[in-house]
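S.K.: Handing you a structure now.
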Amino acid sequence: MSVRNKRRALALSVLLLTGAAGIAIACGPDFPWQLLDRRDVTLAETPANPFAWEAAHLVPTPTDTMKAVENRWATDDTRAKLRIDAETTGLSPEAASLISAMRAAGDGDKAYGLGEKLPAAVRLYTAAAVDYQAGRLDQAATRFQAVLDLPAAEAAPRAVWAAYMLGRVAALRGQQDAATAAFAKTRSLAQAGAPDPLGLGVASLGEEARVRLAQAGLSVHEATDDDTPARAVSTYAVEIRAIGPLDSAALSQAISLYAQQAAHDSFHGVEALYLIGTYLLDHSAPLKAAVTDPLVQRLLAAHVLAFEADTPSWRPHRGMDPTTPPTPHLGALTAALAEAQIGATGGPTPAAADQLATLAYRKGDYELAARLAAMKPGPLSSWVQAKLALQRGDLAQAAKFYAEAAAAFPASGDGPQGTTMRAAERNRLLGESGVVALARGEYVAALDQLMPMADIYWGDVVHIAERVLTVDELKAYVDAKLPASIVANWTRTVDNKQWPNSLLDTMGVGYKYDEEADRLRYQGAPLGLRSLLARRLMRAGRGKEALAYYHNPAVAKDARGYLDALETAGSAWWGASRARAWFQAAQLARTKGMEIMGTEGPPDEAALKGAYDVGIGQATLPPAGAPYVTDGERKRFADSTPQPDQRFHYRFMATDAAEHAADQLPHTSQAYAATLCWAVNYATDQMIGTWTDDPNTIQDPYWQSVVRGIIERDKQAKGRAAALYDRYIKTGPHQPWAAPFGHACPAPDFDAAAKEWWQAPARQAHRWIRQNHRKALLGGAAVLAVLAAGSALLLVRRRHPIS
């Protein structure tokens, strides 16, 4: 395969797996999906499955045991190895060497002579394959047939292979009926249990489809043509070409066969269906001729839904060349349907009415969308009707249809083909219903609807739980839905060796990258929500209640220590004891603040271990007048703002606590200087730093605003640190360690500070006496005279009491 074709195949692989379905997400590296980032976009987007899923569900789920054996990234070497491994499995090393020698013979007769010691079927097949590669199709066909003519037990090791290759030979000869019969026999042998290590039973579906496609007047132009059975696992179809007039019936047969191949988990079946869909949508005449077929309708509807965005934008297509403008496939399909009167009043009922309703909604033809949705009840139709209700501003009706759509999904699995969407879409549906509940002011209900999908929409759960519900509402919900008795038995291990980019928090839960879904999933929502409640209670000054909700015993211990320190700081008799307690609180706030009181979302982002100050939850609400945001939500959001509303807000609390400790201490003590040193250290920790001091050099407006915010915060932190240092210089004692003040701070000596309360006055008195001994003598004499006079007066009164 050429480099160019390999690139096109790679691009196509990405397209088929992901489609172009959009969703509102938070901006940032590895941030999870969030529905609330842009609610208008979330609720306006069209439901759609990835094309690969739709292609695999165009026909009923296969009941046979055939498996596709494919490697879409295969090279010539890997294909050869696959074939060699398959044809030597179960044979002796000597037999494997004989097969290798036969393959190298270049002549079927010579190869057959070399294989005398091999089983009959293996010998005949290998010699036939040599003839086939040499272009001697008659000789090859004779020996392939000879394999099938052997007794069943003897033929079994190569029966599927031989039938498949007979079909290939017949196809090359233009013998279409013989080819389809041979491919049908390939499948019957594989389904009966004959060895099929190369997945040729599934591959025969594609080969027969190719024959039907030729009968339809089309051909598949391929990028490789390996003349071995292993070729079936390495075909990269690049495009469809017209070779004659279109035969719609034969095209329908070809699509059905490719759909069966795709249903067997064959990427090549999916690829062929994509190419057929693209060809029809790009060519109006074949499109109009084929669109009346129900299977074609479903294929084309799935194609457009998956690959054409809701809003006009570049659509990846045909090798993902960004310079190629998108083809208006939606317009082409709807025009062809309209001309055929499909879905029109009095016209034929479309097979894919629900998907076509979605397309009509996407096009903005809401009247047609409603009519089509009514033709085929089901989850997708109800979903479309919910979208239409939102267009009318009827949130109550939208909620009704969302509930109806959710109820129509199967309890498990992906449901019957052609009647529903993949199970993952149910999560999106329920997530949207949660957005609608939030827009209706049903705040607790919104949380309840989103919790079953918390592993996907954790950021949306966080926003509602942390910034919309009151503390009492959240506590009541957690107590009712996630009591300790249930959570105690909930465990899940995140394998960091398998997922090295996992972000874990100290509760033993966190995010794990889901490769198939291409998103981070939150692991541990039950524990996460209880921990979120604990930290919110702590921030609300209800620390004693919070202790019951920490999952990690170590975190609960730190939280209790923090509460005890605050209590002692407010009640201790001696200043040194109060200072010690304040400093303990400062240390815990600085080193354990994230776990004890950090916000799950902005500004602390405990969910991301503080790696970013946004990404999970909502840092701000949409501007006034934005749809789907109530005044009640805005008020609740403002009321729940953490104080201070700064990233790592607990570091500010640590600075304050360290300064409170200094307030309790004599200015002459080492502890006074040390606690101020730690206060400067914590204030410095509030600084983040940026790669530039000039935001004007940044072109992107978002990052420019981020850098401006960081610079302003750092300026404030520097000001706080400078003020604390100035306080030390003016009021504190000289300390030999104070040169790098705020960087290398010693432990405060609170015991020495306690003695300083009475030692400092004594030292000052002694110093004054030495410097003023004359005044001291006179003052002492005066004091003695006063004491003497007082004693004399007391004696007189005792001898002569007043009557």
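Each chain in the structure tokens gets a letter, A, B and so on, in the order shown; residues start at 1 in every chain, and ligands are counted from 1 in the order they appear.
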With a distance cut-off of 8 Å and only C-alpha atoms, select the neighbouring residues of Gly244 in chain A, excluding the residue or stretch itself and same-chain residues fewer than 4 positions from it, and output the selection as a ChimeraX atom specification.
M.R.: /A:216-218
S.K.: Need the shell around range 657-667 of chain A: protein/DNA/RNA residues with any atom at most 8 Å away, counting only C-alpha atoms. Skip same-chain ones fewer than 3 positions apart. Format as a VMD selection string?
M.R.: chain A and resid 575 to 576 578 to 583 585 to 586 653 to 654 671 to 673 675 to 676 678 to 679 731 to 733 753 756 to 757
S.K.: Work out how far apart CA of Val59 in chain A and CA of Leu257 in chain A are and give it in Å to one decimal.
M.R.: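 Pair CA of Val59 in chain A / CA of Leu257 in chain A returns 9.5 Å.
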S.K.: Of the candidates A:Ile99, A:Ala738, A:Ala398, A:Leu299, which one gets nearest to Arg83 in chain A if we count only C-alpha atoms?
M.R.: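 Selected residue with least distance to Arg83 in chain A: A:Ile99.
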S.K.: So, with only C-alpha atoms as the atoms that count, which of A:Ala465, A:Ala184, A:Ala56, A:Ala534 lies closest to Ile255 in chain A?
M.R.: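 The answer is A:Ala56, which sits nearest to Ile255 in chain A.
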S.K.: Write out as a list in words each polymer residue whose atoms come within 12 Å of range 700-711 of chain A, counting only C-alpha atoms; drop sequence neighbours fewer than 5 positions from it.
M.R.: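 Listing them by chain and then by number gives Cys27, Gly28, Tyr612, Asp613, Val614, Gln646, Arg647, Gln686, Met687, Ile688, Gly689, Thr690, Trp691, Thr692, Asp693, Asp694, Pro695, Gln716, Ala717 and Lys718 of chain A.
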S.K.: Please produce a file of the residues just selected, as a compact mmCIF listing (two decimals), in the first residue's frame, where the atoms kept are all heavy atoms.
M.R.:
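File result_31.txt, as written:
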```txt
# COMPACT_ATOMS: atom_id res chain seq x y z
N CYS A 27 -12.91 23.25 28.39
CA CYS A 27 -11.67 23.42 27.64
C CYS A 27 -10.49 23.09 28.54
O CYS A 27 -10.39 23.59 29.64
CB CYS A 27 -11.54 24.86 27.15
SG CYS A 27 -12.84 25.33 26.00
N GLY A 28 -9.56 22.27 28.07
CA GLY A 28 -8.39 21.96 28.85
C GLY A 28 -7.93 20.56 28.61
O GLY A 28 -8.68 19.73 28.12
N TYR A 612 -5.42 22.27 37.85
CA TYR A 612 -5.98 23.43 37.16
C TYR A 612 -6.98 24.09 38.10
O TYR A 612 -7.45 23.47 39.05
CB TYR A 612 -6.67 23.02 35.86
CG TYR A 612 -5.76 22.29 34.90
CD1 TYR A 612 -5.67 20.89 34.92
CD2 TYR A 612 -4.98 22.99 34.00
CE1 TYR A 612 -4.82 20.23 34.07
CE2 TYR A 612 -4.12 22.33 33.13
CZ TYR A 612 -4.04 20.95 33.18
OH TYR A 612 -3.19 20.29 32.33
N ASP A 613 -7.31 25.36 37.83
CA ASP A 613 -8.32 26.02 38.65
C ASP A 613 -9.69 25.99 37.98
O ASP A 613 -10.65 26.52 38.52
CB ASP A 613 -7.92 27.46 38.98
CG ASP A 613 -7.71 28.31 37.74
OD1 ASP A 613 -7.70 27.75 36.63
OD2 ASP A 613 -7.55 29.54 37.88
N VAL A 614 -9.77 25.38 36.80
CA VAL A 614 -11.05 25.16 36.13
C VAL A 614 -10.98 23.79 35.47
O VAL A 614 -9.90 23.21 35.33
CB VAL A 614 -11.34 26.23 35.05
CG1 VAL A 614 -11.55 27.58 35.68
CG2 VAL A 614 -10.20 26.29 34.03
N GLN A 646 -10.56 32.10 45.78
CA GLN A 646 -9.24 32.06 45.16
C GLN A 646 -8.79 30.61 45.03
O GLN A 646 -9.17 29.76 45.85
CB GLN A 646 -8.20 32.81 46.01
CG GLN A 646 -8.44 34.30 46.12
CD GLN A 646 -7.98 35.06 44.89
OE1 GLN A 646 -7.44 34.48 43.96
NE2 GLN A 646 -8.20 36.37 44.88
N ARG A 647 -7.97 30.34 44.03
CA ARG A 647 -7.43 29.00 43.89
C ARG A 647 -6.63 28.64 45.13
O ARG A 647 -5.87 29.46 45.66
CB ARG A 647 -6.53 28.94 42.65
CG ARG A 647 -6.03 27.53 42.35
CD ARG A 647 -5.14 27.52 41.14
NE ARG A 647 -4.76 26.16 40.79
CZ ARG A 647 -3.85 25.85 39.87
NH1 ARG A 647 -3.23 26.82 39.23
NH2 ARG A 647 -3.56 24.61 39.60
N GLN A 686 0.77 31.16 47.78
CA GLN A 686 -0.42 31.54 47.03
C GLN A 686 -0.07 31.97 45.60
O GLN A 686 -0.95 32.05 44.74
CB GLN A 686 -1.14 32.68 47.75
CG GLN A 686 -1.65 32.31 49.13
CD GLN A 686 -2.01 33.53 49.96
OE1 GLN A 686 -2.19 34.61 49.43
NE2 GLN A 686 -2.11 33.35 51.28
N MET A 687 1.20 32.22 45.36
CA MET A 687 1.63 32.65 44.03
C MET A 687 1.69 31.45 43.09
O MET A 687 2.07 30.36 43.48
CB MET A 687 3.00 33.34 44.13
CG MET A 687 2.98 34.60 44.97
SD MET A 687 4.64 35.24 45.32
CE MET A 687 5.23 35.52 43.65
N ILE A 688 1.31 31.68 41.85
CA ILE A 688 1.27 30.62 40.85
C ILE A 688 2.40 30.77 39.85
O ILE A 688 3.11 29.82 39.53
CB ILE A 688 -0.09 30.62 40.11
CG1 ILE A 688 -1.23 30.39 41.13
CG2 ILE A 688 -0.12 29.55 39.03
CD1 ILE A 688 -2.60 30.54 40.52
N GLY A 689 2.59 31.99 39.34
CA GLY A 689 3.65 32.22 38.35
C GLY A 689 3.18 31.92 36.94
O GLY A 689 2.37 31.03 36.71
N THR A 690 3.68 32.66 35.97
CA THR A 690 3.35 32.45 34.57
C THR A 690 4.62 32.47 33.74
O THR A 690 5.69 32.82 34.23
CB THR A 690 2.40 33.56 34.05
OG1 THR A 690 3.10 34.82 34.09
CG2 THR A 690 1.15 33.66 34.91
N TRP A 691 4.46 32.10 32.47
CA TRP A 691 5.62 32.06 31.58
C TRP A 691 5.94 33.43 31.00
O TRP A 691 6.94 33.59 30.31
CB TRP A 691 5.37 31.06 30.45
CG TRP A 691 4.25 31.44 29.53
CD1 TRP A 691 4.33 32.19 28.40
CD2 TRP A 691 2.87 31.11 29.68
NE1 TRP A 691 3.09 32.34 27.82
CE2 TRP A 691 2.16 31.68 28.59
CE3 TRP A 691 2.15 30.37 30.62
CZ2 TRP A 691 0.79 31.55 28.43
CZ3 TRP A 691 0.78 30.25 30.45
CH2 TRP A 691 0.12 30.83 29.38
N THR A 692 5.08 34.43 31.29
CA THR A 692 5.33 35.77 30.77
C THR A 692 4.75 36.79 31.73
O THR A 692 3.75 36.54 32.40
CB THR A 692 4.71 35.97 29.38
OG1 THR A 692 4.94 37.31 28.95
CG2 THR A 692 3.22 35.72 29.40
N ASP A 693 5.40 37.96 31.81
CA ASP A 693 4.88 39.05 32.63
C ASP A 693 4.07 40.04 31.80
O ASP A 693 3.55 41.02 32.34
CB ASP A 693 6.05 39.80 33.30
CG ASP A 693 6.77 38.93 34.31
OD1 ASP A 693 6.10 38.07 34.92
OD2 ASP A 693 7.99 39.10 34.49
N ASP A 694 3.97 39.77 30.51
CA ASP A 694 3.25 40.68 29.62
C ASP A 694 2.13 39.93 28.91
O ASP A 694 2.35 39.27 27.89
CB ASP A 694 4.22 41.28 28.59
CG ASP A 694 3.53 42.32 27.70
OD1 ASP A 694 2.35 42.64 27.96
OD2 ASP A 694 4.19 42.82 26.77
N PRO A 695 0.90 40.01 29.41
CA PRO A 695 -0.22 39.29 28.79
C PRO A 695 -0.47 39.73 27.35
O PRO A 695 -1.07 38.98 26.58
CB PRO A 695 -1.41 39.65 29.69
CG PRO A 695 -0.81 40.12 30.97
CD PRO A 695 0.48 40.76 30.61
N GLN A 716 -1.02 40.42 44.58
CA GLN A 716 -1.63 40.49 45.91
C GLN A 716 -0.88 39.64 46.91
O GLN A 716 -0.68 40.04 48.08
CB GLN A 716 -3.09 40.05 45.82
CG GLN A 716 -3.98 40.97 45.00
CD GLN A 716 -5.38 40.43 44.84
OE1 GLN A 716 -5.74 39.40 45.40
NE2 GLN A 716 -6.20 41.12 44.06
N ALA A 717 -0.44 38.45 46.48
CA ALA A 717 0.31 37.57 47.39
C ALA A 717 1.63 38.21 47.78
O ALA A 717 2.04 38.14 48.95
CB ALA A 717 0.56 36.22 46.71
N LYS A 718 2.30 38.84 46.83
CA LYS A 718 3.55 39.53 47.15
C LYS A 718 3.30 40.65 48.13
O LYS A 718 4.10 40.87 49.06
CB LYS A 718 4.17 40.09 45.87
CG LYS A 718 4.78 39.04 44.95
CD LYS A 718 5.34 39.69 43.69
CE LYS A 718 5.90 38.64 42.74
NZ LYS A 718 6.40 39.26 41.47
```
S.K.: Choose the residue, out of A:Gln341, A:Gln176, A:Ser669, A:Ser188, that has the smallest atom-to-atom separation from Ala163 in chain A; count only C-alpha atoms.
M.R.: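 Smallest separation from Ala163 in chain A among the options: A:Ser188.
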S.K.: Of the residues A:Ala754, A:Val147, A:Ala95, A:Ile596, which is the one nearest to Trp574 in chain A, using only C-alpha atoms?
M.R.: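 Checking each candidate against Trp574 in chain A, we get A:Ala754 as the closest.
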S.K.: Contacts of Asp196 in chain A at 12 Å or less, counting only C-alpha atoms, minus same-chain residues fewer than 6 places along, as a ChimeraX atom specification?
M.R.: /A:65-69,83,86-87,89,156-164,186-190,202-204,229-230
S.K.: For the residues in that selection, give me N, CA and C atoms as a PDB file, in the first residue's frame.
M.R.:
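Saved the output as again_20.pdb:
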```pdb
ATOM      1  N   THR A  65     -21.378 -18.380  15.060  1.00  0.00           N
ATOM      2  CA  THR A  65     -20.143 -18.222  15.843  1.00  0.00           C
ATOM      3  C   THR A  65     -18.983 -17.693  15.004  1.00  0.00           C
ATOM      4  N   MET A  66     -19.249 -17.239  13.792  1.00  0.00           N
ATOM      5  CA  MET A  66     -18.166 -16.745  12.946  1.00  0.00           C
ATOM      6  C   MET A  66     -17.564 -15.463  13.545  1.00  0.00           C
ATOM      7  N   LYS A  67     -16.254 -15.348  13.415  1.00  0.00           N
ATOM      8  CA  LYS A  67     -15.536 -14.194  13.944  1.00  0.00           C
ATOM      9  C   LYS A  67     -14.744 -13.524  12.830  1.00  0.00           C
ATOM     10  N   ALA A  68     -14.726 -12.199  12.878  1.00  0.00           N
ATOM     11  CA  ALA A  68     -13.866 -11.459  11.958  1.00  0.00           C
ATOM     12  C   ALA A  68     -12.440 -11.492  12.493  1.00  0.00           C
ATOM     13  N   VAL A  69     -11.490 -11.707  11.609  1.00  0.00           N
ATOM     14  CA  VAL A  69     -10.069 -11.664  11.979  1.00  0.00           C
ATOM     15  C   VAL A  69      -9.438 -10.576  11.124  1.00  0.00           C
ATOM     16  N   ARG A  83      -0.867 -15.471   7.989  1.00  0.00           N
ATOM     17  CA  ARG A  83      -1.157 -16.633   7.161  1.00  0.00           C
ATOM     18  C   ARG A  83      -0.291 -17.826   7.543  1.00  0.00           C
ATOM     19  N   ALA A  86      -1.418 -19.357  10.747  1.00  0.00           N
ATOM     20  CA  ALA A  86      -2.675 -20.081  10.592  1.00  0.00           C
ATOM     21  C   ALA A  86      -2.475 -21.416   9.898  1.00  0.00           C
ATOM     22  N   GLU A  87      -1.618 -21.471   8.867  1.00  0.00           N
ATOM     23  CA  GLU A  87      -1.491 -22.719   8.113  1.00  0.00           C
ATOM     24  C   GLU A  87      -0.500 -23.698   8.723  1.00  0.00           C
ATOM     25  N   THR A  89      -0.375 -24.028  12.294  1.00  0.00           N
ATOM     26  CA  THR A  89      -0.864 -24.382  13.629  1.00  0.00           C
ATOM     27  C   THR A  89      -1.276 -25.850  13.682  1.00  0.00           C
ATOM     28  N   ALA A 156     -11.544 -31.038   6.312  1.00  0.00           N
ATOM     29  CA  ALA A 156     -11.835 -30.002   7.310  1.00  0.00           C
ATOM     30  C   ALA A 156     -10.719 -28.979   7.519  1.00  0.00           C
ATOM     31  N   PRO A 157      -9.422 -29.363   7.665  1.00  0.00           N
ATOM     32  CA  PRO A 157      -8.384 -28.356   7.956  1.00  0.00           C
ATOM     33  C   PRO A 157      -8.293 -27.245   6.914  1.00  0.00           C
ATOM     34  N   ARG A 158      -8.693 -27.515   5.667  1.00  0.00           N
ATOM     35  CA  ARG A 158      -8.587 -26.490   4.627  1.00  0.00           C
ATOM     36  C   ARG A 158      -9.899 -26.296   3.856  1.00  0.00           C
ATOM     37  N   ALA A 159     -10.992 -26.829   4.352  1.00  0.00           N
ATOM     38  CA  ALA A 159     -12.254 -26.746   3.618  1.00  0.00           C
ATOM     39  C   ALA A 159     -12.722 -25.299   3.474  1.00  0.00           C
ATOM     40  N   VAL A 160     -12.735 -24.543   4.584  1.00  0.00           N
ATOM     41  CA  VAL A 160     -13.179 -23.149   4.518  1.00  0.00           C
ATOM     42  C   VAL A 160     -12.282 -22.366   3.575  1.00  0.00           C
ATOM     43  N   TRP A 161     -10.965 -22.603   3.667  1.00  0.00           N
ATOM     44  CA  TRP A 161      -9.993 -21.891   2.830  1.00  0.00           C
ATOM     45  C   TRP A 161     -10.268 -22.188   1.345  1.00  0.00           C
ATOM     46  N   ALA A 162     -10.464 -23.467   1.042  1.00  0.00           N
ATOM     47  CA  ALA A 162     -10.635 -23.865  -0.354  1.00  0.00           C
ATOM     48  C   ALA A 162     -11.922 -23.284  -0.933  1.00  0.00           C
ATOM     49  N   ALA A 163     -13.014 -23.330  -0.190  1.00  0.00           N
ATOM     50  CA  ALA A 163     -14.273 -22.779  -0.689  1.00  0.00           C
ATOM     51  C   ALA A 163     -14.134 -21.273  -0.935  1.00  0.00           C
ATOM     52  N   TYR A 164     -13.472 -20.605  -0.008  1.00  0.00           N
ATOM     53  CA  TYR A 164     -13.264 -19.164  -0.146  1.00  0.00           C
ATOM     54  C   TYR A 164     -12.476 -18.853  -1.420  1.00  0.00           C
ATOM     55  N   THR A 186     -18.533 -21.265   1.849  1.00  0.00           N
ATOM     56  CA  THR A 186     -17.507 -20.894   2.836  1.00  0.00           C
ATOM     57  C   THR A 186     -18.155 -20.668   4.187  1.00  0.00           C
ATOM     58  N   ARG A 187     -19.241 -19.918   4.197  1.00  0.00           N
ATOM     59  CA  ARG A 187     -19.910 -19.600   5.462  1.00  0.00           C
ATOM     60  C   ARG A 187     -20.573 -20.826   6.071  1.00  0.00           C
ATOM     61  N   SER A 188     -21.168 -21.674   5.227  1.00  0.00           N
ATOM     62  CA  SER A 188     -21.833 -22.869   5.783  1.00  0.00           C
ATOM     63  C   SER A 188     -20.818 -23.796   6.427  1.00  0.00           C
ATOM     64  N   LEU A 189     -19.630 -23.910   5.832  1.00  0.00           N
ATOM     65  CA  LEU A 189     -18.574 -24.744   6.424  1.00  0.00           C
ATOM     66  C   LEU A 189     -18.089 -24.144   7.747  1.00  0.00           C
ATOM     67  N   ALA A 190     -17.872 -22.815   7.759  1.00  0.00           N
ATOM     68  CA  ALA A 190     -17.403 -22.163   8.987  1.00  0.00           C
ATOM     69  C   ALA A 190     -18.444 -22.267  10.087  1.00  0.00           C
ATOM     70  N   VAL A 202     -16.459 -14.714   7.675  1.00  0.00           N
ATOM     71  CA  VAL A 202     -16.905 -13.318   7.699  1.00  0.00           C
ATOM     72  C   VAL A 202     -16.405 -12.579   6.466  1.00  0.00           C
ATOM     73  N   ALA A 203     -15.147 -12.833   6.085  1.00  0.00           N
ATOM     74  CA  ALA A 203     -14.588 -12.164   4.904  1.00  0.00           C
ATOM     75  C   ALA A 203     -15.376 -12.502   3.646  1.00  0.00           C
ATOM     76  N   SER A 204     -15.958 -13.713   3.583  1.00  0.00           N
ATOM     77  CA  SER A 204     -16.710 -14.098   2.384  1.00  0.00           C
ATOM     78  C   SER A 204     -17.942 -13.226   2.188  1.00  0.00           C
ATOM     79  N   PRO A 229      -5.373 -16.001   1.092  1.00  0.00           N
ATOM     80  CA  PRO A 229      -6.546 -15.830   1.956  1.00  0.00           C
ATOM     81  C   PRO A 229      -6.356 -14.742   2.991  1.00  0.00           C
ATOM     82  N   ALA A 230      -5.092 -14.529   3.443  1.00  0.00           N
ATOM     83  CA  ALA A 230      -4.852 -13.508   4.456  1.00  0.00           C
ATOM     84  C   ALA A 230      -5.188 -12.115   3.949  1.00  0.00           C
TER      85      ALA A 230
END
```
S.K.: Figure out the distance between CA of Asp365 in chain A and CA of Gly346 in chain A, please, to one decimal in Å.
M.R.: 18.0 Å
S.K.: Would you return as a list in words the members of range 491-678 of chain A that DSSP assigns to strand (DSSP E or B) on this structure's backbone?
M.R.: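 Taking range 491-678 of chain A and keeping strand (DSSP E or B) only, one gets Leu503, Leu504, Gly510, Tyr511, Lys512, Tyr513, Asp514, Arg519, Leu520, Arg521, Tyr522 and Gln523 of chain A.
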S.K.: Using N, CA and C atoms, can you export the residues from the last selection as a PDB file, in the first residue's frame?
M.R.:
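Everything below was put into selection29.pdb:
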```pdb
ATOM      1  N   LEU A 503      -5.699  10.240  37.376  1.00  0.00           N
ATOM      2  CA  LEU A 503      -5.586  11.241  38.420  1.00  0.00           C
ATOM      3  C   LEU A 503      -6.361  10.721  39.627  1.00  0.00           C
ATOM      4  N   LEU A 504      -5.649  10.428  40.699  1.00  0.00           N
ATOM      5  CA  LEU A 504      -6.285   9.836  41.870  1.00  0.00           C
ATOM      6  C   LEU A 504      -6.295  10.830  43.022  1.00  0.00           C
ATOM      7  N   GLY A 510     -10.877   8.563  41.645  1.00  0.00           N
ATOM      8  CA  GLY A 510     -10.382   9.580  40.730  1.00  0.00           C
ATOM      9  C   GLY A 510     -10.788   9.266  39.314  1.00  0.00           C
ATOM     10  N   TYR A 511      -9.992   9.706  38.357  1.00  0.00           N
ATOM     11  CA  TYR A 511     -10.326   9.544  36.947  1.00  0.00           C
ATOM     12  C   TYR A 511      -9.513   8.447  36.293  1.00  0.00           C
ATOM     13  N   LYS A 512     -10.139   7.758  35.360  1.00  0.00           N
ATOM     14  CA  LYS A 512      -9.445   6.768  34.552  1.00  0.00           C
ATOM     15  C   LYS A 512      -9.827   6.987  33.106  1.00  0.00           C
ATOM     16  N   TYR A 513      -8.847   6.953  32.227  1.00  0.00           N
ATOM     17  CA  TYR A 513      -9.110   7.184  30.805  1.00  0.00           C
ATOM     18  C   TYR A 513      -9.752   5.951  30.190  1.00  0.00           C
ATOM     19  N   ASP A 514     -10.906   6.166  29.563  1.00  0.00           N
ATOM     20  CA  ASP A 514     -11.622   5.115  28.866  1.00  0.00           C
ATOM     21  C   ASP A 514     -11.246   5.224  27.394  1.00  0.00           C
ATOM     22  N   ARG A 519     -12.495   9.267  26.680  1.00  0.00           N
ATOM     23  CA  ARG A 519     -12.813  10.264  27.697  1.00  0.00           C
ATOM     24  C   ARG A 519     -12.354   9.777  29.056  1.00  0.00           C
ATOM     25  N   LEU A 520     -12.207  10.704  29.976  1.00  0.00           N
ATOM     26  CA  LEU A 520     -11.924  10.343  31.354  1.00  0.00           C
ATOM     27  C   LEU A 520     -13.239   9.991  32.045  1.00  0.00           C
ATOM     28  N   ARG A 521     -13.201   8.937  32.797  1.00  0.00           N
ATOM     29  CA  ARG A 521     -14.373   8.555  33.580  1.00  0.00           C
ATOM     30  C   ARG A 521     -14.025   8.647  35.057  1.00  0.00           C
ATOM     31  N   TYR A 522     -14.956   9.188  35.834  1.00  0.00           N
ATOM     32  CA  TYR A 522     -14.729   9.327  37.262  1.00  0.00           C
ATOM     33  C   TYR A 522     -14.982   7.993  37.945  1.00  0.00           C
ATOM     34  N   GLN A 523     -14.032   7.564  38.725  1.00  0.00           N
ATOM     35  CA  GLN A 523     -14.153   6.291  39.430  1.00  0.00           C
ATOM     36  C   GLN A 523     -14.489   6.569  40.897  1.00  0.00           C
TER      37      GLN A 523
END
```
